[in-house]
>>> print(open('coords35.cif').read())   # mmCIF, C-alpha atoms and all ligand atoms
data_model
#
loop_
_atom_site.group_PDB
_atom_site.id
_atom_site.type_symbol
_atom_site.label_atom_id
_atom_site.label_comp_id
_atom_site.auth_asym_id
_atom_site.auth_seq_id
_atom_site.Cartn_x
_atom_site.Cartn_y
_atom_site.Cartn_z
ATOM 1 C CA ARG O 404 -32.758 -1.665 1.298
ATOM 2 C CA VAL O 405 -32.583 -5.084 2.854
ATOM 3 C CA ARG O 406 -29.770 -6.307 5.080
ATOM 4 C CA VAL O 407 -28.923 -9.983 5.177
ATOM 5 C CA ARG O 408 -28.867 -10.446 8.938
ATOM 6 C CA GLY O 409 -26.440 -12.893 10.485
ATOM 7 C CA LEU O 410 -24.299 -13.131 7.385
ATOM 8 C CA SER O 411 -20.623 -12.170 7.199
ATOM 9 C CA ILE O 412 -18.653 -12.041 4.002
ATOM 10 C CA TYR O 413 -15.006 -11.145 3.657
ATOM 11 C CA ARG O 414 -12.555 -10.136 0.970
ATOM 12 C CA PRO O 415 -8.824 -10.824 1.405
ATOM 13 C CA ILE O 416 -6.447 -7.970 0.675
ATOM 14 C CA ILE O 417 -2.789 -7.171 1.092
ATOM 15 C CA TYR O 418 -1.342 -3.771 1.748
ATOM 16 C CA GLY O 419 2.226 -2.614 2.048
ATOM 17 C CA ASN O 420 5.160 -1.465 -0.008
ATOM 18 C CA THR O 421 8.110 -2.326 -2.166
ATOM 19 C CA ALA O 422 11.254 -0.168 -2.298
ATOM 20 C CA VAL O 423 14.444 -0.078 -4.336
ATOM 21 C CA VAL O 424 17.631 1.926 -3.958
ATOM 22 C CA LEU O 425 18.075 4.558 -6.653
ATOM 23 C CA THR O 426 21.212 4.246 -8.759
ATOM 24 C CA PRO O 427 23.626 7.220 -8.730
ATOM 25 C CA GLU O 428 22.504 7.948 -12.320
ATOM 26 C CA GLU O 429 18.831 8.051 -11.304
ATOM 27 C CA ARG O 430 19.661 10.321 -8.374
ATOM 28 C CA LYS O 431 21.455 12.754 -10.666
ATOM 29 C CA VAL O 432 18.372 13.383 -12.806
ATOM 30 C CA LEU O 433 16.013 13.834 -9.839
ATOM 31 C CA PRO O 434 15.166 17.386 -8.735
ATOM 32 C CA THR O 435 15.741 16.046 -5.195
ATOM 33 C CA PRO O 436 19.287 14.612 -4.960
ATOM 34 C CA ASP O 437 18.806 13.733 -1.273
ATOM 35 C CA HIS O 438 16.273 11.055 -2.249
ATOM 36 C CA THR O 439 17.758 7.579 -2.022
ATOM 37 C CA HIS O 440 14.840 5.239 -2.769
ATOM 38 C CA ARG O 441 11.929 4.696 -5.072
ATOM 39 C CA TRP O 442 8.931 3.065 -3.436
ATOM 40 C CA THR O 443 5.351 2.014 -4.105
ATOM 41 C CA VAL O 444 2.698 1.683 -1.435
ATOM 42 C CA ALA O 445 -0.421 -0.218 -2.471
ATOM 43 C CA VAL O 446 -3.635 -2.008 -1.580
ATOM 44 C CA ARG O 447 -4.136 -5.122 -3.654
ATOM 45 C CA SER O 448 -6.223 -8.234 -3.813
ATOM 46 C CA ALA O 449 -4.638 -11.068 -1.865
ATOM 47 C CA ALA O 450 -5.366 -13.224 -4.903
ATOM 48 C CA SER O 451 -2.301 -11.916 -6.758
ATOM 49 C CA ALA O 452 1.367 -11.606 -5.843
ATOM 50 C CA PRO O 453 2.401 -8.335 -4.161
ATOM 51 C CA ASP O 454 4.965 -7.500 -6.831
ATOM 52 C CA SER O 455 2.765 -8.513 -9.716
ATOM 53 C CA ASP O 456 2.251 -6.051 -12.542
ATOM 54 C CA ILE O 457 -1.212 -7.363 -13.218
ATOM 55 C CA VAL O 458 -3.806 -4.601 -13.186
ATOM 56 C CA GLY O 459 -7.493 -5.323 -13.439
ATOM 57 C CA GLY O 460 -8.802 -8.840 -13.816
ATOM 58 C CA ALA O 461 -8.058 -10.878 -10.717
ATOM 59 C CA ASP O 462 -6.485 -7.894 -8.994
ATOM 60 C CA ASP O 463 -9.302 -5.435 -9.629
ATOM 61 C CA LEU O 464 -10.797 -4.435 -6.293
ATOM 62 C CA SER O 465 -12.851 -1.613 -7.791
ATOM 63 C CA TYR O 466 -16.102 -3.605 -7.756
ATOM 64 C CA PHE O 467 -16.253 -2.958 -3.997
ATOM 65 C CA ILE O 468 -13.571 -0.303 -3.358
ATOM 66 C CA LYS O 469 -14.364 3.188 -4.607
ATOM 67 C CA ARG O 470 -11.247 4.969 -3.435
ATOM 68 C CA VAL O 471 -8.062 4.453 -1.477
ATOM 69 C CA THR O 472 -6.564 7.496 0.244
ATOM 70 C CA PHE O 473 -2.903 7.310 1.097
ATOM 71 C CA LYS O 474 -1.761 9.928 3.575
ATOM 72 C CA LEU O 475 1.984 10.403 3.191
ATOM 73 C CA HIS O 476 4.458 12.146 5.474
ATOM 74 C CA GLU O 477 3.987 15.932 5.537
ATOM 75 C CA THR O 478 7.388 16.398 3.869
ATOM 76 C CA TYR O 479 5.679 15.356 0.608
ATOM 77 C CA PRO O 480 3.831 17.816 -1.591
ATOM 78 C CA ASN O 481 0.064 17.169 -1.480
ATOM 79 C CA PRO O 482 0.520 14.379 1.075
ATOM 80 C CA THR O 483 -3.098 13.201 0.789
ATOM 81 C CA ARG O 484 -3.303 11.104 -2.359
ATOM 82 C CA ASN O 485 -6.721 9.932 -3.507
ATOM 83 C CA ILE O 486 -6.630 6.976 -5.868
ATOM 84 C CA GLU O 487 -9.997 6.416 -7.518
ATOM 85 C CA LYS O 488 -9.219 3.437 -9.728
ATOM 86 C CA PRO O 489 -6.885 0.459 -9.754
ATOM 87 C CA PRO O 490 -4.072 0.008 -9.279
ATOM 88 C CA PHE O 491 -4.655 1.500 -5.834
ATOM 89 C CA GLU O 492 -1.093 2.611 -5.291
ATOM 90 C CA VAL O 493 1.256 5.576 -4.954
ATOM 91 C CA SER O 494 4.840 5.622 -6.185
ATOM 92 C CA GLU O 495 7.323 8.201 -4.940
ATOM 93 C CA THR O 496 10.959 8.738 -4.237
ATOM 94 C CA GLY O 497 12.292 9.665 -0.809
ATOM 95 C CA TRP O 498 14.912 9.194 1.863
ATOM 96 C CA GLY O 499 13.018 8.155 4.990
ATOM 97 C CA GLU O 500 10.609 5.639 6.418
ATOM 98 C CA PHE O 501 7.304 6.791 7.894
ATOM 99 C CA GLU O 502 3.794 5.689 8.770
ATOM 100 C CA VAL O 503 1.372 5.753 5.826
ATOM 101 C CA GLN O 504 -2.307 6.156 6.675
ATOM 102 C CA ILE O 505 -4.445 4.095 4.322
ATOM 103 C CA ARG O 506 -8.147 4.828 4.135
ATOM 104 C CA ILE O 507 -10.367 2.525 2.093
ATOM 105 C CA THR O 508 -13.722 3.880 0.922
ATOM 106 C CA PHE O 509 -16.245 1.385 -0.387
ATOM 107 C CA VAL O 510 -18.650 1.750 -3.290
ATOM 108 C CA PRO O 511 -21.792 3.712 -2.310
ATOM 109 C CA GLU O 512 -24.043 0.677 -2.885
ATOM 110 C CA SER O 513 -22.282 -0.998 0.049
ATOM 111 C CA GLY O 514 -23.577 1.433 2.684
ATOM 112 C CA GLU O 515 -20.338 0.617 4.528
ATOM 113 C CA LYS O 516 -18.208 3.104 6.454
ATOM 114 C CA ALA O 517 -14.673 3.727 5.267
ATOM 115 C CA ILE O 518 -11.935 1.882 7.129
ATOM 116 C CA THR O 519 -8.481 3.147 8.089
ATOM 117 C CA THR O 520 -5.296 1.214 8.582
ATOM 118 C CA TYR O 521 -1.594 2.034 8.803
ATOM 119 C CA HIS O 522 1.516 0.747 7.129
ATOM 120 C CA HIS O 523 5.078 1.497 8.134
ATOM 121 C CA LEU O 524 6.807 2.291 4.839
ATOM 122 C CA LYS O 525 9.888 0.106 4.795
ATOM 123 C CA LEU O 526 12.963 1.145 2.833
ATOM 124 C CA HIS O 527 15.819 -0.657 4.543
ATOM 125 C CA PRO O 528 16.541 -4.367 4.267
ATOM 126 C CA TRP O 529 17.135 -5.232 7.929
ATOM 127 C CA THR O 530 18.403 -8.769 8.072
ATOM 128 C CA LEU O 531 19.936 -11.017 10.722
ATOM 129 C CA LEU O 532 23.318 -9.979 9.357
ATOM 130 C CA THR O 533 22.658 -6.242 9.350
ATOM 131 C CA GLY O 534 20.577 -6.336 12.555
ATOM 132 C CA GLY O 535 21.771 -6.580 16.109
ATOM 133 C CA GLU O 536 22.105 -4.485 19.243
ATOM 134 C CA SER O 537 23.150 -1.103 17.933
ATOM 135 C CA ALA O 538 22.250 -1.829 14.353
ATOM 136 C CA GLU O 539 22.063 0.802 11.693
ATOM 137 C CA ALA O 540 20.497 0.299 8.308
ATOM 138 C CA PRO O 541 22.938 -1.303 5.870
ATOM 139 C CA SER O 542 24.778 1.026 3.512
ATOM 140 C CA LEU O 543 23.007 1.947 0.287
ATOM 141 C CA GLU O 544 25.581 -0.104 -1.565
ATOM 142 C CA THR O 545 24.786 -3.207 0.476
ATOM 143 C CA ALA O 546 21.058 -2.535 0.229
ATOM 144 C CA ALA O 547 21.274 -2.219 -3.561
ATOM 145 C CA LYS O 548 22.944 -5.651 -3.716
ATOM 146 C CA LEU O 549 20.278 -7.195 -1.485
ATOM 147 C CA GLY O 550 17.603 -6.146 -3.986
ATOM 148 C CA PRO O 551 14.070 -4.784 -3.555
ATOM 149 C CA VAL O 552 12.556 -4.583 -0.074
ATOM 150 C CA HIS O 553 9.037 -5.954 0.340
ATOM 151 C CA SER O 554 6.795 -5.349 3.324
ATOM 152 C CA TRP O 555 3.226 -6.614 3.005
ATOM 153 C CA GLN O 556 0.446 -7.424 5.408
ATOM 154 C CA TYR O 557 -2.460 -9.722 4.819
ATOM 155 C CA ASP O 558 -5.894 -8.690 6.003
ATOM 156 C CA GLU O 559 -9.514 -9.598 5.517
ATOM 157 C CA ILE O 560 -12.190 -6.949 5.100
ATOM 158 C CA VAL O 561 -15.284 -8.309 6.810
ATOM 159 C CA PHE O 562 -18.775 -7.090 5.980
ATOM 160 C CA ASN O 563 -21.384 -8.013 8.587
ATOM 161 C CA ASP O 564 -25.119 -7.995 7.769
ATOM 162 C CA PRO O 565 -24.421 -6.672 4.249
ATOM 163 C CA PHE O 566 -27.126 -5.139 2.103
ATOM 164 C CA GLN O 567 -28.586 -7.739 -0.248
ATOM 165 C CA SER O 568 -27.630 -5.597 -3.264
ATOM 166 C CA PHE O 569 -24.027 -5.300 -2.040
ATOM 167 C CA LEU O 570 -23.875 -9.028 -1.353
ATOM 168 C CA ASN O 571 -24.945 -9.584 -4.963
ATOM 169 C CA ILE O 572 -22.087 -7.353 -6.158
ATOM 170 C CA LEU O 573 -19.562 -9.194 -3.982
ATOM 171 C CA THR O 574 -20.611 -12.666 -4.970
ATOM 172 C CA ALA O 575 -20.801 -11.817 -8.678
ATOM 173 C CA HIS O 576 -16.978 -11.494 -8.638
HETATM 174 C C1 LIG F 1 12.402 10.298 9.506
HETATM 175 N N1 LIG F 1 10.263 10.342 10.590
HETATM 176 O O1 LIG F 1 12.835 11.287 10.083
HETATM 177 C C2 LIG F 1 10.908 10.141 9.361
HETATM 178 C C3 LIG F 1 10.424 11.087 8.323
HETATM 179 C C4 LIG F 1 10.199 11.598 5.926
HETATM 180 C C5 LIG F 1 10.336 11.041 4.587
HETATM 181 C C6 LIG F 1 10.658 10.589 6.982
HETATM 182 C C7 LIG F 1 11.160 13.029 1.417
HETATM 183 C C8 LIG F 1 10.000 13.852 1.106
HETATM 184 C C9 LIG F 1 10.427 15.074 0.257
HETATM 185 C C10 LIG F 1 10.997 11.910 2.405
HETATM 186 O O2 LIG F 1 11.509 10.835 2.191
HETATM 187 N N2 LIG F 1 10.336 12.063 3.578
HETATM 188 O O3 LIG F 1 11.093 15.915 0.811
HETATM 189 O O4 LIG F 1 10.130 15.025 -0.926
HETATM 190 O O5 LIG F 1 13.124 9.400 9.094
#
>>> encode(input="coords35.cif", output="structure tokens")
Amino acid sequence: RVRVRGLSIYRPIIYGNTAVVLTPEERKVLPTPDHTHRWTVAVRSAASAPDSDIVGGADDLSYFIKRVTFKLHETYPNPTRNIEKPPFEVSETGWGEFEVQIRITFVPESGEKAITTYHHLKLHPWTLLTGGESAEAPSLETAAKLGPVHSWQYDEIVFNDPFQSFLNILTAH
């Protein structure tokens, strides 16, 4: 296996979450009435909008990502969620914010080590109006009016001295 020395190639991604307040009707039918929000945490291609429903095509990262492991808060059943195909995301309901560990495993042809990053799951729409010295999160009613919360981070996955065969895979997309 031949490495292409001195070459770096990167792929832009975004990771983060969206969250919406559950309606009283939705809360009634949940087995967990203390849950207030529905959220999705995801890793996506930076080529498409974070709230896009597009799966595959431009947003398909599976040519170089084999698996994304989302480690949720221990209050969740089976907190380690392995997602083996796109969309690389987990949707849940809940009541609290927490740190999500995101581990990205690359296709075996890459010979690359998995990478780990973290995302603070954001549920509450802190704004200049709701913020301030001793600020609390806005009421659920206010939050529902403000609409979905989005919290996304841009990043670039850099591969240094990639294997020639992996470089071929990357550049073919
Ligand atoms: C907090 N440090 O205290 C955080 C923990 C935990 C979030 C948040 C429900 C999980 C379940 C859930 O939202 N956990 O019981 O299904 O705010």
>>> residues_around(input="coords35.cif", residues="O:Tyr413", least_positions_apart="3", cutoff="10 Å", atoms="only C-alpha atoms", output="VMD selection string")
chain O and resid 416 558 to 563 573
>>> closest_residue(input="coords35.cif", among="O:Ser568, O:Thr496, O:Asn485, O:Thr426", to="ligand LIG 1 (chain F)", atoms="all atoms listed in the file")
O:Thr496
>>> closest_residue(input="coords35.cif", among="O:Thr574, O:Pro415, O:Gln567, O:His527", to="O:Leu549", atoms="all atoms listed in the file")
O:His527
>>> axis_aligned_box(input="coords35.cif", around="ligand LIG 1 (chain F)", padding_each_side="4 Å", output="JSON")
{"center_x": 11.6, "center_y": 12.7, "center_z": 4.8, "size_x": 11.1, "size_y": 14.5, "size_z": 19.5}
>>> closest_residue(input="coords35.cif", among="O:Asn420, O:Gln556, O:Ser411, O:Thr439", to="ligand LIG 1 (chain F)", atoms="all atoms listed in the file")
O:Thr439
>>> atom_distance(input="coords35.cif", atom1="atom C4 of ligand LIG 1 (chain F)", atom2="atom CA of O:Val471")
21.0 Å
>>> resolve_selection(input="coords35.cif", expression="the PyMOL selection byres (((not hetatm)) within 9 of (chain F and resi 1))", output="VMD selection string")
chain O and resid 435 437 to 440 475 to 480 495 to 502
>>> residues_near_point(input="coords35.cif", point="(23.5, -4.5, 0.0)", cutoff="12 Å", atoms="only C-alpha atoms", output="PyMOL selection string")
chain O and resi 423-424+527-530+532-533+540-552
>>> closest_residue(input="coords35.cif", among="O:Thr519, O:Thr443, O:Thr421, O:Asn481", to="O:Ile505", atoms="all atoms listed in the file")
O:Thr519
>>> atom_distance(input="coords35.cif", atom1="atom CA of O:Pro436", atom2="atom CA of O:Glu492")
23.7 Å
>>> atom_distance(input="coords35.cif", atom1="atom CA of O:Glu487", atom2="atom CA of O:Ala445")
12.7 Å
>>> closest_residue(input="coords35.cif", among="O:Pro565, O:Pro482, O:Gly514, O:Pro434", to="O:Leu410", atoms="all atoms listed in the file")
O:Pro565
>>> decode(input="coords35.cif", residues="stretch 475-494 of chain O", atoms="N, CA and C atoms", output="CSV table (one decimal), in the first residue's frame")
chain,number,residue,atom,x,y,z
O,475,LEU,N,-24.7,9.0,23.9
O,475,LEU,CA,-25.6,9.9,24.5
O,475,LEU,C,-25.4,9.9,26.0
O,476,HIS,N,-26.1,10.8,26.7
O,476,HIS,CA,-26.1,10.8,28.2
O,476,HIS,C,-26.6,9.4,28.7
O,477,GLU,N,-26.0,9.1,29.9
O,477,GLU,CA,-26.3,7.7,30.4
O,477,GLU,C,-27.8,7.5,30.9
O,478,THR,N,-28.6,8.6,30.9
O,478,THR,CA,-30.0,8.5,31.2
O,478,THR,C,-30.8,7.9,30.1
O,479,TYR,N,-30.1,7.7,28.9
O,479,TYR,CA,-30.8,7.1,27.7
O,479,TYR,C,-30.5,5.6,27.7
O,480,PRO,N,-31.5,4.8,27.3
O,480,PRO,CA,-31.3,3.4,27.1
O,480,PRO,C,-30.3,3.2,26.0
O,481,ASN,N,-29.5,2.2,26.1
O,481,ASN,CA,-28.4,2.0,25.1
O,481,ASN,C,-27.8,3.3,24.6
O,482,PRO,N,-27.1,4.0,25.5
O,482,PRO,CA,-26.6,5.3,25.1
O,482,PRO,C,-25.6,5.3,23.9
O,483,THR,N,-24.9,4.2,23.7
O,483,THR,CA,-24.0,4.2,22.5
O,483,THR,C,-24.7,3.8,21.3
O,484,ARG,N,-24.9,4.7,20.4
O,484,ARG,CA,-25.7,4.4,19.1
O,484,ARG,C,-24.7,4.4,17.9
O,485,ASN,N,-24.6,3.2,17.3
O,485,ASN,CA,-23.8,3.0,16.1
O,485,ASN,C,-24.6,3.2,14.9
O,486,ILE,N,-24.3,4.2,14.1
O,486,ILE,CA,-25.0,4.4,12.8
O,486,ILE,C,-24.1,4.0,11.7
O,487,GLU,N,-24.5,3.0,10.9
O,487,GLU,CA,-23.6,2.4,9.9
O,487,GLU,C,-23.9,2.9,8.5
O,488,LYS,N,-25.0,3.6,8.3
O,488,LYS,CA,-25.2,4.2,7.0
O,488,LYS,C,-25.9,5.5,7.1
O,489,PRO,N,-25.8,6.3,6.0
O,489,PRO,CA,-26.5,7.6,6.1
O,489,PRO,C,-28.0,7.5,6.1
O,490,PRO,N,-28.7,8.5,6.7
O,490,PRO,CA,-28.1,9.6,7.4
O,490,PRO,C,-27.5,9.3,8.7
O,491,PHE,N,-26.3,9.8,9.0
O,491,PHE,CA,-25.6,9.6,10.2
O,491,PHE,C,-26.2,10.5,11.3
O,492,GLU,N,-27.3,10.0,11.9
O,492,GLU,CA,-28.0,10.8,12.9
O,492,GLU,C,-28.7,10.0,13.9
O,493,VAL,N,-29.1,10.6,15.0
O,493,VAL,CA,-29.9,9.9,16.0
O,493,VAL,C,-31.0,10.9,16.4
O,494,SER,N,-32.2,10.5,16.4
O,494,SER,CA,-33.3,11.3,16.9
O,494,SER,C,-33.9,10.7,18.2
